[in-house]
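**Student:** The file below is structure.cif, mmCIF, C-alpha atoms:
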data_structure
#
loop_
_atom_site.group_PDB
_atom_site.id
_atom_site.type_symbol
_atom_site.label_atom_id
_atom_site.label_comp_id
_atom_site.auth_asym_id
_atom_site.auth_seq_id
_atom_site.Cartn_x
_atom_site.Cartn_y
_atom_site.Cartn_z
ATOM 1 C CA MET K 1 0.000 0.000 0.000
ATOM 2 C CA THR K 2 1.394 3.439 -0.858
ATOM 3 C CA ASP K 3 1.991 6.162 1.710
ATOM 4 C CA GLU K 4 -0.810 8.260 0.224
ATOM 5 C CA ALA K 5 -3.293 5.400 0.563
ATOM 6 C CA ILE K 6 -2.244 4.772 4.162
ATOM 7 C CA LEU K 7 -2.590 8.459 5.025
ATOM 8 C CA GLN K 8 -5.963 8.612 3.329
ATOM 9 C CA LEU K 9 -7.201 5.730 5.501
ATOM 10 C CA ALA K 10 -5.663 7.035 8.713
ATOM 11 C CA LYS K 11 -7.065 10.553 8.409
ATOM 12 C CA GLN K 12 -10.700 9.455 8.047
ATOM 13 C CA PRO K 13 -12.394 8.668 11.394
ATOM 14 C CA GLN K 14 -14.204 5.578 10.053
ATOM 15 C CA THR K 15 -11.048 4.021 8.578
ATOM 16 C CA ARG K 16 -8.507 5.413 11.021
ATOM 17 C CA GLU K 17 -7.863 2.103 12.736
ATOM 18 C CA GLU K 18 -7.236 0.325 9.440
ATOM 19 C CA GLY K 19 -4.906 3.118 8.395
ATOM 20 C CA PHE K 20 -2.888 2.724 11.586
ATOM 21 C CA ARG K 21 -2.705 -1.035 11.076
ATOM 22 C CA GLN K 22 -1.429 -0.643 7.518
ATOM 23 C CA LEU K 23 1.115 1.915 8.690
ATOM 24 C CA VAL K 24 2.506 -0.489 11.270
ATOM 25 C CA LEU K 25 2.592 -3.373 8.789
ATOM 26 C CA ALA K 26 4.452 -1.236 6.249
ATOM 27 C CA TYR K 27 7.121 0.146 8.547
ATOM 28 C CA GLN K 28 7.425 -1.995 11.677
ATOM 29 C CA GLU K 29 10.432 -4.016 10.510
ATOM 30 C CA ARG K 30 12.354 -1.098 9.195
ATOM 31 C CA LEU K 31 11.836 1.045 12.279
ATOM 32 C CA TYR K 32 12.570 -1.919 14.522
ATOM 33 C CA GLN K 33 16.008 -2.250 12.901
ATOM 34 C CA VAL K 34 16.673 1.465 13.415
ATOM 35 C CA VAL K 35 15.819 1.159 17.105
ATOM 36 C CA ARG K 36 17.399 -2.215 17.743
ATOM 37 C CA ARG K 37 20.714 -1.158 16.287
ATOM 38 C CA GLN K 38 21.030 1.511 18.981
ATOM 39 C CA LEU K 39 19.587 -0.266 21.985
ATOM 40 C CA PRO K 40 21.146 -3.193 23.762
ATOM 41 C CA SER K 41 18.085 -5.382 24.236
ATOM 42 C CA HIS K 42 14.915 -6.407 22.428
ATOM 43 C CA ASP K 43 12.711 -5.401 25.377
ATOM 44 C CA ASP K 44 14.042 -1.853 25.317
ATOM 45 C CA ALA K 45 13.706 -1.721 21.548
ATOM 46 C CA ASP K 46 10.103 -2.982 21.804
ATOM 47 C CA ASP K 47 9.282 -0.305 24.382
ATOM 48 C CA VAL K 48 10.748 2.479 22.260
ATOM 49 C CA LEU K 49 9.174 1.186 19.053
ATOM 50 C CA GLN K 50 5.698 1.061 20.611
ATOM 51 C CA ASN K 51 6.073 4.583 22.007
ATOM 52 C CA THR K 52 7.226 5.720 18.591
ATOM 53 C CA PHE K 53 4.196 4.312 16.804
ATOM 54 C CA LEU K 54 1.780 5.728 19.389
ATOM 55 C CA LYS K 55 3.343 9.146 18.953
ATOM 56 C CA ILE K 56 3.029 8.769 15.185
ATOM 57 C CA PHE K 57 -0.677 7.894 15.585
ATOM 58 C CA ARG K 58 -1.231 10.937 17.783
ATOM 59 C CA HIS K 59 0.426 13.365 15.410
ATOM 60 C CA LEU K 60 -0.468 11.882 12.036
ATOM 61 C CA ASP K 61 -3.148 14.523 11.457
ATOM 62 C CA GLY K 62 -0.419 17.139 11.695
ATOM 63 C CA PHE K 63 1.749 15.541 9.012
ATOM 64 C CA GLU K 64 1.683 18.017 6.145
ATOM 65 C CA GLY K 65 3.608 16.012 3.552
ATOM 66 C CA ARG K 66 6.533 18.437 3.406
ATOM 67 C CA SER K 67 8.853 15.453 3.685
ATOM 68 C CA GLU K 68 8.412 11.773 2.948
ATOM 69 C CA LEU K 69 6.364 9.856 5.469
ATOM 70 C CA TYR K 70 9.269 7.581 6.399
ATOM 71 C CA THR K 71 11.576 10.572 6.932
ATOM 72 C CA TRP K 72 9.070 12.065 9.343
ATOM 73 C CA MET K 73 8.650 8.762 11.170
ATOM 74 C CA TYR K 74 12.417 8.270 11.304
ATOM 75 C CA ARG K 75 12.805 11.622 13.068
ATOM 76 C CA ILE K 76 10.199 10.681 15.641
ATOM 77 C CA THR K 77 11.996 7.378 16.165
ATOM 78 C CA GLN K 78 15.329 9.076 16.785
ATOM 79 C CA ASN K 79 13.700 11.447 19.275
ATOM 80 C CA GLU K 80 12.188 8.526 21.157
ATOM 81 C CA ILE K 81 15.592 6.824 21.286
ATOM 82 C CA ILE K 82 17.094 10.005 22.727
ATOM 83 C CA ASN K 83 14.266 10.214 25.274
ATOM 84 C CA PHE K 84 14.914 6.595 26.224
ATOM 85 C CA PHE K 85 18.557 7.306 26.952
ATOM 86 C CA LYS K 86 17.674 10.454 28.866
ATOM 87 C CA ARG K 87 15.398 8.374 31.021
ATOM 88 C CA GLN K 88 18.165 5.860 31.448
ATOM 89 C CA ASN K 89 20.565 8.678 32.363
ATOM 90 C CA ARG K 90 22.758 8.014 29.388
ATOM 91 C CA MET K 91 22.859 10.635 26.649
ATOM 92 C CA LYS K 92 23.616 9.260 23.209
ATOM 93 C CA THR K 93 23.256 11.102 19.895
ATOM 94 C CA VAL K 94 22.225 9.634 16.586
ATOM 95 C CA SER K 95 25.791 9.591 15.388
ATOM 96 C CA LEU K 96 27.171 7.666 18.342
ATOM 97 C CA GLY K 97 26.249 4.307 19.693
ATOM 98 C CA ASN K 98 27.551 1.974 22.293
ATOM 99 C CA TYR K 99 29.177 -0.146 19.684
ATOM 100 C CA ASP K 100 32.157 -1.129 21.725
ATOM 101 C CA ALA K 101 30.058 -3.681 23.518
ATOM 102 C CA PRO K 102 28.706 -6.528 21.424
ATOM 103 C CA HIS K 103 24.974 -6.959 21.046
ATOM 104 C CA GLU K 104 23.798 -9.771 23.242
ATOM 105 C CA GLU K 105 21.699 -11.337 20.539
ATOM 106 C CA SER K 106 23.908 -10.543 17.550
ATOM 107 C CA PRO K 107 24.558 -13.426 15.161
ATOM 108 C CA VAL K 108 28.187 -14.539 15.243
ATOM 109 C CA ASP K 109 28.852 -15.001 11.541
ATOM 110 C CA SER K 110 31.854 -12.667 11.439
ATOM 111 C CA GLU K 111 31.622 -11.019 14.763
ATOM 112 C CA GLU K 112 35.092 -9.543 14.752
ATOM 113 C CA LEU K 113 34.418 -7.809 11.443
ATOM 114 C CA ILE K 114 31.131 -6.440 12.674
ATOM 115 C CA LEU K 115 32.708 -5.085 15.836
ATOM 116 C CA SER K 116 35.618 -3.637 13.871
ATOM 117 C CA LEU K 117 33.173 -1.979 11.495
ATOM 118 C CA GLU K 118 31.326 -0.414 14.392
ATOM 119 C CA SER K 119 34.433 0.937 16.024
ATOM 120 C CA ALA K 120 35.748 2.208 12.650
ATOM 121 C CA VAL K 121 32.469 4.057 12.102
ATOM 122 C CA ASN K 122 32.783 5.590 15.566
ATOM 123 C CA ARG K 123 36.109 7.083 14.528
ATOM 124 C CA LEU K 124 34.733 8.875 11.472
ATOM 125 C CA PRO K 125 34.228 12.645 11.541
ATOM 126 C CA GLU K 126 30.818 13.537 12.883
ATOM 127 C CA ARG K 127 29.044 14.320 9.638
ATOM 128 C CA GLN K 128 30.466 11.320 7.805
ATOM 129 C CA GLN K 129 29.448 9.165 10.727
ATOM 130 C CA MET K 130 25.860 10.420 10.603
ATOM 131 C CA VAL K 131 25.603 10.025 6.854
ATOM 132 C CA PHE K 132 27.127 6.533 6.946
ATOM 133 C CA ARG K 133 24.781 5.315 9.669
ATOM 134 C CA MET K 134 21.706 6.754 8.015
ATOM 135 C CA ARG K 135 22.650 5.315 4.605
ATOM 136 C CA TYR K 136 24.216 1.997 5.557
ATOM 137 C CA TYR K 137 22.445 0.976 8.741
ATOM 138 C CA ASP K 138 19.090 2.726 8.386
ATOM 139 C CA GLU K 139 19.023 2.404 4.570
ATOM 140 C CA LEU K 140 17.625 5.853 4.038
ATOM 141 C CA SER K 141 17.758 7.192 0.489
ATOM 142 C CA TYR K 142 19.934 10.211 -0.271
ATOM 143 C CA LYS K 143 16.766 12.210 -0.835
ATOM 144 C CA GLN K 144 15.517 11.371 2.660
ATOM 145 C CA ILE K 145 18.869 12.142 4.263
ATOM 146 C CA ALA K 146 19.056 15.435 2.351
ATOM 147 C CA GLU K 147 15.647 16.449 3.732
ATOM 148 C CA MET K 148 16.783 15.825 7.292
ATOM 149 C CA LEU K 149 20.291 17.212 7.159
ATOM 150 C CA GLN K 150 19.577 20.042 4.730
ATOM 151 C CA LEU K 151 22.436 19.009 2.453
ATOM 152 C CA THR K 152 22.525 18.276 -1.264
ATOM 153 C CA GLU K 153 22.396 14.703 -2.486
ATOM 154 C CA GLY K 154 25.744 15.175 -4.209
ATOM 155 C CA ALA K 155 27.408 16.250 -0.963
ATOM 156 C CA LEU K 156 25.847 13.295 0.835
ATOM 157 C CA LYS K 157 27.048 10.795 -1.766
ATOM 158 C CA ALA K 158 30.561 12.201 -1.546
ATOM 159 C CA SER K 159 30.420 12.053 2.250
ATOM 160 C CA PHE K 160 29.238 8.433 2.192
ATOM 161 C CA HIS K 161 31.903 7.372 -0.307
ATOM 162 C CA HIS K 162 34.637 9.014 1.756
ATOM 163 C CA ALA K 163 33.351 7.257 4.851
ATOM 164 C CA VAL K 164 33.402 3.869 3.071
ATOM 165 C CA LYS K 165 36.962 4.459 1.855
ATOM 166 C CA LYS K 166 38.188 5.440 5.315
ATOM 167 C CA ILE K 167 36.628 2.347 6.854
ATOM 168 C CA GLU K 168 38.216 0.103 4.241
ATOM 169 C CA GLU K 169 41.623 1.711 4.812
ATOM 170 C CA GLU K 170 41.306 1.055 8.514
ATOM 171 C CA PHE K 171 40.359 -2.545 7.831
ATOM 172 C CA LYS K 172 43.370 -2.955 5.525
ATOM 173 C CA SER K 173 45.700 -1.471 8.092
ATOM 174 C CA ARG K 174 44.401 -3.990 10.614
ATOM 175 C CA SER K 175 44.597 -6.782 8.047
ATOM 176 C CA LEU K 176 40.954 -7.516 8.366
ATOM 177 C CA LEU K 177 40.412 -7.391 4.604
ATOM 178 C CA MET H 1 19.976 -4.682 2.777
ATOM 179 C CA ASN H 2 17.992 -2.996 0.036
ATOM 180 C CA GLU H 3 18.930 -3.465 -3.590
ATOM 181 C CA GLU H 4 19.845 0.147 -4.248
ATOM 182 C CA LEU H 5 22.346 0.214 -1.386
ATOM 183 C CA ARG H 6 23.792 -3.164 -2.372
ATOM 184 C CA LYS H 7 24.381 -1.925 -5.941
ATOM 185 C CA GLU H 8 25.999 1.253 -4.698
ATOM 186 C CA LEU H 9 28.430 -0.661 -2.507
ATOM 187 C CA GLU H 10 29.212 -3.033 -5.379
ATOM 188 C CA GLU H 11 29.986 -0.102 -7.671
ATOM 189 C CA MET H 12 32.353 1.242 -5.070
ATOM 190 C CA ALA H 13 33.978 -2.194 -4.924
ATOM 191 C CA SER H 14 33.466 -1.934 -1.278
ATOM 192 C CA ARG H 15 34.396 -4.810 0.952
ATOM 193 C CA ILE H 16 32.643 -3.557 4.001
ATOM 194 C CA PRO H 17 31.213 -6.584 5.797
ATOM 195 C CA PRO H 18 27.462 -7.100 5.627
ATOM 196 C CA LYS H 19 25.570 -5.671 8.488
ATOM 197 C CA LYS H 20 23.852 -8.034 10.820
ATOM 198 C CA SER H 21 20.936 -6.690 12.768
ATOM 199 C CA PRO H 22 19.717 -8.715 15.706
ATOM 200 C CA PRO H 23 16.354 -10.257 14.816
ATOM 201 C CA PRO H 24 13.353 -9.943 17.127
ATOM 202 C CA PRO H 25 11.739 -12.942 18.785
ATOM 203 C CA ALA H 26 9.677 -15.199 16.520
ATOM 204 C CA GLY H 27 6.160 -13.876 15.837
ATOM 205 C CA TYR H 28 6.944 -10.396 17.171
ATOM 206 C CA PHE H 29 5.850 -8.571 14.044
ATOM 207 C CA ASP H 30 2.671 -10.715 13.746
ATOM 208 C CA HIS H 31 1.305 -9.427 17.054
ATOM 209 C CA LEU H 32 2.685 -5.891 17.111
ATOM 210 C CA PRO H 33 -0.145 -4.180 15.125
ATOM 211 C CA ASP H 34 -2.896 -5.631 17.366
ATOM 212 C CA HIS H 35 -0.955 -4.798 20.507
ATOM 213 C CA LEU H 36 -0.428 -1.223 19.361
ATOM 214 C CA LEU H 37 -4.096 -0.718 18.495
ATOM 215 C CA ASP H 38 -5.147 -2.051 21.906
ATOM 216 C CA ARG H 39 -2.831 0.443 23.578
ATOM 217 C CA TRP H 40 -4.131 3.223 21.345
ATOM 218 C CA HIS H 41 -7.755 2.502 22.330
ATOM 219 C CA SER H 42 -6.837 2.280 25.996
ATOM 220 C CA GLU H 43 -5.009 5.622 25.913
ATOM 221 C CA SER H 44 -7.871 7.294 24.043
ATOM 222 C CA ARG H 45 -10.297 6.120 26.738
ATOM 223 C CA GLN H 46 -8.015 7.434 29.492
ATOM 224 C CA ASP H 47 -7.730 10.786 27.718
ATOM 225 C CA ARG H 48 -11.517 11.078 27.531
ATOM 226 C CA VAL H 49 -11.916 10.269 31.243
ATOM 227 C CA ARG H 50 -9.200 12.757 32.145
ATOM 228 C CA ARG H 51 -10.858 15.503 30.086
ATOM 229 C CA ILE H 52 -14.278 14.908 31.672
ATOM 230 C CA THR H 53 -12.789 14.910 35.180
ATOM 231 C CA LEU H 54 -10.948 18.155 34.479
ATOM 232 C CA ILE H 55 -14.087 19.860 33.150
ATOM 233 C CA LYS H 56 -16.015 18.649 36.211
ATOM 234 C CA TRP H 57 -13.446 20.029 38.649
ATOM 235 C CA MET H 58 -13.220 23.350 36.795
ATOM 236 C CA SER H 59 -16.999 23.716 36.962
ATOM 237 C CA VAL H 60 -17.010 23.000 40.698
ATOM 238 C CA ALA H 61 -14.204 25.525 41.229
ATOM 239 C CA ALA H 62 -16.009 28.198 39.184
ATOM 240 C CA LEU H 63 -19.258 27.618 41.088
ATOM 241 C CA THR H 64 -17.487 27.782 44.449
ATOM 242 C CA ILE H 65 -15.747 31.028 43.571
ATOM 243 C CA GLY H 66 -19.001 32.471 42.285
ATOM 244 C CA LEU H 67 -20.860 31.566 45.481
ATOM 245 C CA MET H 68 -18.069 32.960 47.673
ATOM 246 C CA PHE H 69 -18.018 36.204 45.750
ATOM 247 C CA GLY H 70 -21.798 36.483 45.775
ATOM 248 C CA GLY H 71 -21.939 35.804 49.528
ATOM 249 C CA TRP H 72 -19.321 38.410 50.267
ATOM 250 C CA TRP H 73 -21.135 40.933 48.106
ATOM 251 C CA TRP H 74 -24.459 40.251 49.839
ATOM 252 C CA LEU H 75 -23.029 40.463 53.366
ATOM 253 C CA HIS H 76 -20.919 43.562 52.708
ATOM 254 C CA PRO H 77 -23.006 46.098 50.714
ATOM 255 C CA GLY H 78 -21.191 49.224 49.594
ATOM 256 C CA SER H 79 -20.728 51.820 52.464
ATOM 257 C CA THR H 80 -19.938 55.526 52.351
ATOM 258 C CA GLU H 81 -17.104 56.742 54.412
ATOM 259 C CA LYS H 82 -17.910 59.646 56.785
ATOM 260 C CA PRO H 83 -15.180 62.196 56.881
ATOM 261 C CA THR H 84 -13.505 62.513 60.255
ATOM 262 C CA PRO H 85 -13.762 66.001 61.760
ATOM 263 C CA ILE H 86 -10.626 68.079 61.861
ATOM 264 C CA SER H 87 -9.734 70.729 64.463
ATOM 265 C CA SER H 88 -8.976 74.370 63.607
ATOM 266 C CA ALA H 89 -5.385 73.880 64.739
ATOM 267 C CA ASP H 90 -4.945 70.925 62.409
ATOM 268 C CA ALA H 91 -6.514 72.881 59.535
ATOM 269 C CA TYR H 92 -4.214 75.852 60.182
ATOM 270 C CA GLN H 93 -1.185 73.563 60.348
ATOM 271 C CA TYR H 94 -2.240 71.904 57.130
ATOM 272 C CA VAL H 95 -2.456 75.231 55.323
ATOM 273 C CA LEU H 96 1.016 76.195 56.579
ATOM 274 C CA ASP H 97 2.470 72.850 55.521
ATOM 275 C CA HIS H 98 0.954 73.099 52.048
ATOM 276 C CA ILE H 99 1.193 76.845 51.551
ATOM 277 C CA ASN H 100 2.670 76.345 48.101
ATOM 278 C CA ASP H 101 -0.440 74.518 47.006
ATOM 279 C CA PHE H 102 -2.420 77.681 47.755
ATOM 280 C CA SER H 103 -0.109 79.905 45.737
ATOM 281 C CA THR H 104 -2.297 79.665 42.657
ATOM 282 C CA LEU H 105 -5.241 80.793 44.743
ATOM 283 C CA MET H 106 -3.278 83.791 45.995
ATOM 284 C CA ASP H 107 -2.197 84.656 42.474
ATOM 285 C CA GLN H 108 -5.818 84.836 41.513
ATOM 286 C CA GLU H 109 -6.463 87.590 44.139
ATOM 287 C CA ALA H 110 -5.410 90.231 41.656
ATOM 288 C CA GLN H 111 -8.196 89.111 39.368
ATOM 289 C CA TRP H 112 -10.989 89.298 41.893
ATOM 290 C CA PRO H 113 -13.950 91.595 41.053
ATOM 291 C CA VAL H 114 -13.475 95.138 42.246
ATOM 292 C CA GLU H 115 -16.376 94.938 44.678
ATOM 293 C CA PHE H 116 -14.556 92.214 46.689
ATOM 294 C CA LYS H 117 -11.421 94.228 47.072
ATOM 295 C CA LEU H 118 -10.962 96.145 50.420
ATOM 296 C CA THR H 119 -9.612 99.652 49.886
ATOM 297 C CA THR H 120 -9.121 102.627 52.230
ATOM 298 C CA PRO H 121 -11.061 105.688 50.925
ATOM 299 C CA ASP H 122 -9.164 109.002 50.511
ATOM 300 C CA THR H 123 -9.747 112.191 52.751
ATOM 301 C CA ALA H 124 -11.566 114.168 50.099
ATOM 302 C CA SER H 125 -14.109 111.458 49.642
ATOM 303 C CA VAL H 126 -14.686 111.263 53.393
ATOM 304 C CA GLN H 127 -15.240 115.038 53.657
ATOM 305 C CA GLU H 128 -17.628 115.010 50.761
ATOM 306 C CA TYR H 129 -19.563 112.186 52.372
ATOM 307 C CA LEU H 130 -19.795 114.002 55.718
ATOM 308 C CA MET H 131 -20.959 117.239 54.031
ATOM 309 C CA ASP H 132 -23.746 115.330 52.343
ATOM 310 C CA GLU H 133 -24.830 113.737 55.601
ATOM 311 C CA LEU H 134 -24.664 116.968 57.661
ATOM 312 C CA GLN H 135 -26.378 119.102 55.006
ATOM 313 C CA ASP H 136 -29.611 119.607 56.957
ATOM 314 C CA HIS H 137 -28.041 119.615 60.383
ATOM 315 C CA ASP H 138 -26.393 122.351 62.425
ATOM 316 C CA PRO H 139 -22.884 121.211 63.324
ATOM 317 C CA GLU H 140 -23.075 123.315 66.591
ATOM 318 C CA GLN H 141 -26.064 121.277 67.616
ATOM 319 C CA LEU H 142 -24.247 117.957 67.094
ATOM 320 C CA PHE H 143 -21.351 118.606 69.418
#
Represent the structure from my file as structure tokens, please.

**Tutor:**
Amino acid sequence: MTDEAILQLAKQPQTREEGFRQLVLAYQERLYQVVRRQLPSHDDADDVLQNTFLKIFRHLDGFEGRSELYTWMYRITQNEIINFFKRQNRMKTVSLGNYDAPHEESPVDSEELILSLESAVNRLPERQQMVFRMRYYDELSYKQIAEMLQLTEGALKASFHHAVKKIEEEFKSRSLL
Amino acid sequence: MNEELRKELEEMASRIPPKKSPPPPAGYFDHLPDHLLDRWHSESRQDRVRRITLIKWMSVAALTIGLMFGGWWWLHPGSTEKPTPISSADAYQYVLDHINDFSTLMDQEAQWPVEFKLTTPDTASVQEYLMDELQDHDPEQLF
């Protein structure tokens, strides 16, 4: 179902519930990955994800379509993650994560590489870090990232490519590749 | 990983390892929509109850304030204040203390009508007056 169709359903009182259901079905997995990547446990991620969707339901009438629906929802998600860490007395920004500690439930296919990738990303300059995480981990399009960061798509592509090159150089220097 | 991102990384000949996101428990996504809608309905009900309770308490508060104000108004009708008498000494002292406030009044004295002004008549006028009065009388007889 397209975003327009979902919004059409959700904004009418008689079909609002169906609209919400379709919204969750369309985006639950993607937003779960965004949350889960930054939080250490599934229970915390579940809590944040539910709060995120409830906030989206509450404010959906105010969505004016100035950005893509997913971009808007992504912003709400990041704010809820920040609120979660504030409540937990740990302040983390979008560009930083506690990637030095392994995820408890992370698959162990090439765990050393995954951990090395995370720590290499942490060492990138701030903007490159943000762009890399939003593109690689959150799989946002350049258009969506440009809307949020107020940068051109060309600048974002260049930033992402530089970030990839730096990470690969670090991997080579550590003989991981 | 989505196809567009995969192609981009391939074009860059990137060898960044694939990302592995921890999966949720089995069946999590099957139940999430229903769970969310249940919470949404529950919160909407709580909001309605909270709004009604707030309106009720505001009405009670408004009524109470209205009754208190009305009661006070009924028990304390408006009263005129009687001026307290002041002694001559206090009045005199007041004038001395605020003499400058009366300066405008004193400046106006020069503009008073002629009939209110006290003047001493001259000698010629007095003699003329006496002659008129004593016209039919013998002065020897008077003294």

**Student:** Excluding same-chain residues fewer than 2 positions from Asp138 of chain K, what lies within 10 Å of it counting only C-alpha atoms, as a ChimeraX atom specification?

**Tutor:** /K:30-31,33-35,37,74,131-136,140-141 /H:1

**Student:** Tell me, in Å to one decimal, how far atom CA of Val164 of chain K is from atom CA of Glu126 of chain K.

**Tutor:** 14.0 Å

**Student:** So, counting all atoms listed in the file, which residue among K:His59, K:Arg127, K:Arg36, K:Arg174 is closest to Ala155 of chain K?

**Tutor:**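 For Ala155 of chain K, the nearest of the given residues is K:Arg127.
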
**Student:** Can you list what the PyMOL selection byres ((chain H) within 10 of (chain K)) grabs from this structure, as an MDAnalysis selection string?

**Tutor:** chainID H and resid 1:2 4:6 8:9 12:25 28:30 32:37 39:41 43:44

**Student:** Out of K:Val48, K:Ala5, K:Glu170, K:Phe63, which residue has the shortest atom-to-atom distance to Arg123 of chain K when counting only C-alpha atoms?

**Tutor:**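 For Arg123 of chain K, the nearest of the candidates is K:Glu170.
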
**Student:** Figure out the distance between atom CA of Leu69 of chain K and atom CA of Lys143 of chain K, please, to one decimal in Å.

**Tutor:**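 Result for atom CA of Lys143 of chain K versus atom CA of Leu69 of chain K: 12.4 Å, one decimal.
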
**Student:** Take segment 131-147 of chain K from the block and save it with N, CA, C and O atoms, as a PDB file, in the first residue's frame.

**Tutor:**
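So decode39.pdb came out as:
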ATOM      1  N   VAL K 131      26.044  10.399   8.195  1.00  0.00           N
ATOM      2  CA  VAL K 131      25.603  10.025   6.854  1.00  0.00           C
ATOM      3  C   VAL K 131      25.754   8.528   6.659  1.00  0.00           C
ATOM      4  O   VAL K 131      24.862   7.862   6.118  1.00  0.00           O
ATOM      5  N   PHE K 132      26.884   7.972   7.111  1.00  0.00           N
ATOM      6  CA  PHE K 132      27.127   6.533   6.946  1.00  0.00           C
ATOM      7  C   PHE K 132      26.057   5.717   7.671  1.00  0.00           C
ATOM      8  O   PHE K 132      25.503   4.765   7.114  1.00  0.00           O
ATOM      9  N   ARG K 133      25.769   6.086   8.896  1.00  0.00           N
ATOM     10  CA  ARG K 133      24.781   5.315   9.669  1.00  0.00           C
ATOM     11  C   ARG K 133      23.403   5.393   9.025  1.00  0.00           C
ATOM     12  O   ARG K 133      22.697   4.390   8.907  1.00  0.00           O
ATOM     13  N   MET K 134      23.036   6.604   8.602  1.00  0.00           N
ATOM     14  CA  MET K 134      21.706   6.754   8.015  1.00  0.00           C
ATOM     15  C   MET K 134      21.612   6.018   6.681  1.00  0.00           C
ATOM     16  O   MET K 134      20.570   5.477   6.333  1.00  0.00           O
ATOM     17  N   ARG K 135      22.694   5.972   5.917  1.00  0.00           N
ATOM     18  CA  ARG K 135      22.650   5.315   4.605  1.00  0.00           C
ATOM     19  C   ARG K 135      22.832   3.811   4.741  1.00  0.00           C
ATOM     20  O   ARG K 135      22.068   3.024   4.179  1.00  0.00           O
ATOM     21  N   TYR K 136      23.857   3.423   5.512  1.00  0.00           N
ATOM     22  CA  TYR K 136      24.216   1.997   5.557  1.00  0.00           C
ATOM     23  C   TYR K 136      23.324   1.224   6.528  1.00  0.00           C
ATOM     24  O   TYR K 136      22.765   0.188   6.186  1.00  0.00           O
ATOM     25  N   TYR K 137      23.205   1.720   7.739  1.00  0.00           N
ATOM     26  CA  TYR K 137      22.445   0.976   8.741  1.00  0.00           C
ATOM     27  C   TYR K 137      20.938   1.180   8.604  1.00  0.00           C
ATOM     28  O   TYR K 137      20.162   0.246   8.665  1.00  0.00           O
ATOM     29  N   ASP K 138      20.514   2.426   8.439  1.00  0.00           N
ATOM     30  CA  ASP K 138      19.090   2.726   8.386  1.00  0.00           C
ATOM     31  C   ASP K 138      18.529   2.682   6.973  1.00  0.00           C
ATOM     32  O   ASP K 138      17.320   2.801   6.786  1.00  0.00           O
ATOM     33  N   GLU K 139      19.428   2.561   5.982  1.00  0.00           N
ATOM     34  CA  GLU K 139      19.023   2.404   4.570  1.00  0.00           C
ATOM     35  C   GLU K 139      18.095   3.522   4.105  1.00  0.00           C
ATOM     36  O   GLU K 139      17.166   3.294   3.320  1.00  0.00           O
ATOM     37  N   LEU K 140      18.378   4.715   4.554  1.00  0.00           N
ATOM     38  CA  LEU K 140      17.625   5.853   4.038  1.00  0.00           C
ATOM     39  C   LEU K 140      18.162   6.224   2.667  1.00  0.00           C
ATOM     40  O   LEU K 140      19.354   6.040   2.391  1.00  0.00           O
ATOM     41  N   SER K 141      17.302   6.733   1.807  1.00  0.00           N
ATOM     42  CA  SER K 141      17.758   7.192   0.489  1.00  0.00           C
ATOM     43  C   SER K 141      18.472   8.538   0.669  1.00  0.00           C
ATOM     44  O   SER K 141      18.288   9.220   1.681  1.00  0.00           O
ATOM     45  N   TYR K 142      19.248   8.916  -0.358  1.00  0.00           N
ATOM     46  CA  TYR K 142      19.934  10.211  -0.271  1.00  0.00           C
ATOM     47  C   TYR K 142      18.921  11.349  -0.194  1.00  0.00           C
ATOM     48  O   TYR K 142      19.158  12.362   0.468  1.00  0.00           O
ATOM     49  N   LYS K 143      17.813  11.173  -0.867  1.00  0.00           N
ATOM     50  CA  LYS K 143      16.766  12.210  -0.835  1.00  0.00           C
ATOM     51  C   LYS K 143      16.254  12.403   0.597  1.00  0.00           C
ATOM     52  O   LYS K 143      16.099  13.535   1.071  1.00  0.00           O
ATOM     53  N   GLN K 144      16.023  11.284   1.289  1.00  0.00           N
ATOM     54  CA  GLN K 144      15.517  11.371   2.660  1.00  0.00           C
ATOM     55  C   GLN K 144      16.558  11.990   3.596  1.00  0.00           C
ATOM     56  O   GLN K 144      16.226  12.814   4.452  1.00  0.00           O
ATOM     57  N   ILE K 145      17.808  11.597   3.401  1.00  0.00           N
ATOM     58  CA  ILE K 145      18.869  12.142   4.263  1.00  0.00           C
ATOM     59  C   ILE K 145      19.027  13.643   3.998  1.00  0.00           C
ATOM     60  O   ILE K 145      19.210  14.434   4.929  1.00  0.00           O
ATOM     61  N   ALA K 146      18.916  14.014   2.720  1.00  0.00           N
ATOM     62  CA  ALA K 146      19.056  15.435   2.351  1.00  0.00           C
ATOM     63  C   ALA K 146      17.965  16.276   3.018  1.00  0.00           C
ATOM     64  O   ALA K 146      18.211  17.380   3.491  1.00  0.00           O
ATOM     65  N   GLU K 147      16.754  15.730   3.086  1.00  0.00           N
ATOM     66  CA  GLU K 147      15.647  16.449   3.732  1.00  0.00           C
ATOM     67  C   GLU K 147      15.955  16.699   5.195  1.00  0.00           C
ATOM     68  O   GLU K 147      15.663  17.760   5.738  1.00  0.00           O
TER      69      GLU K 147
END
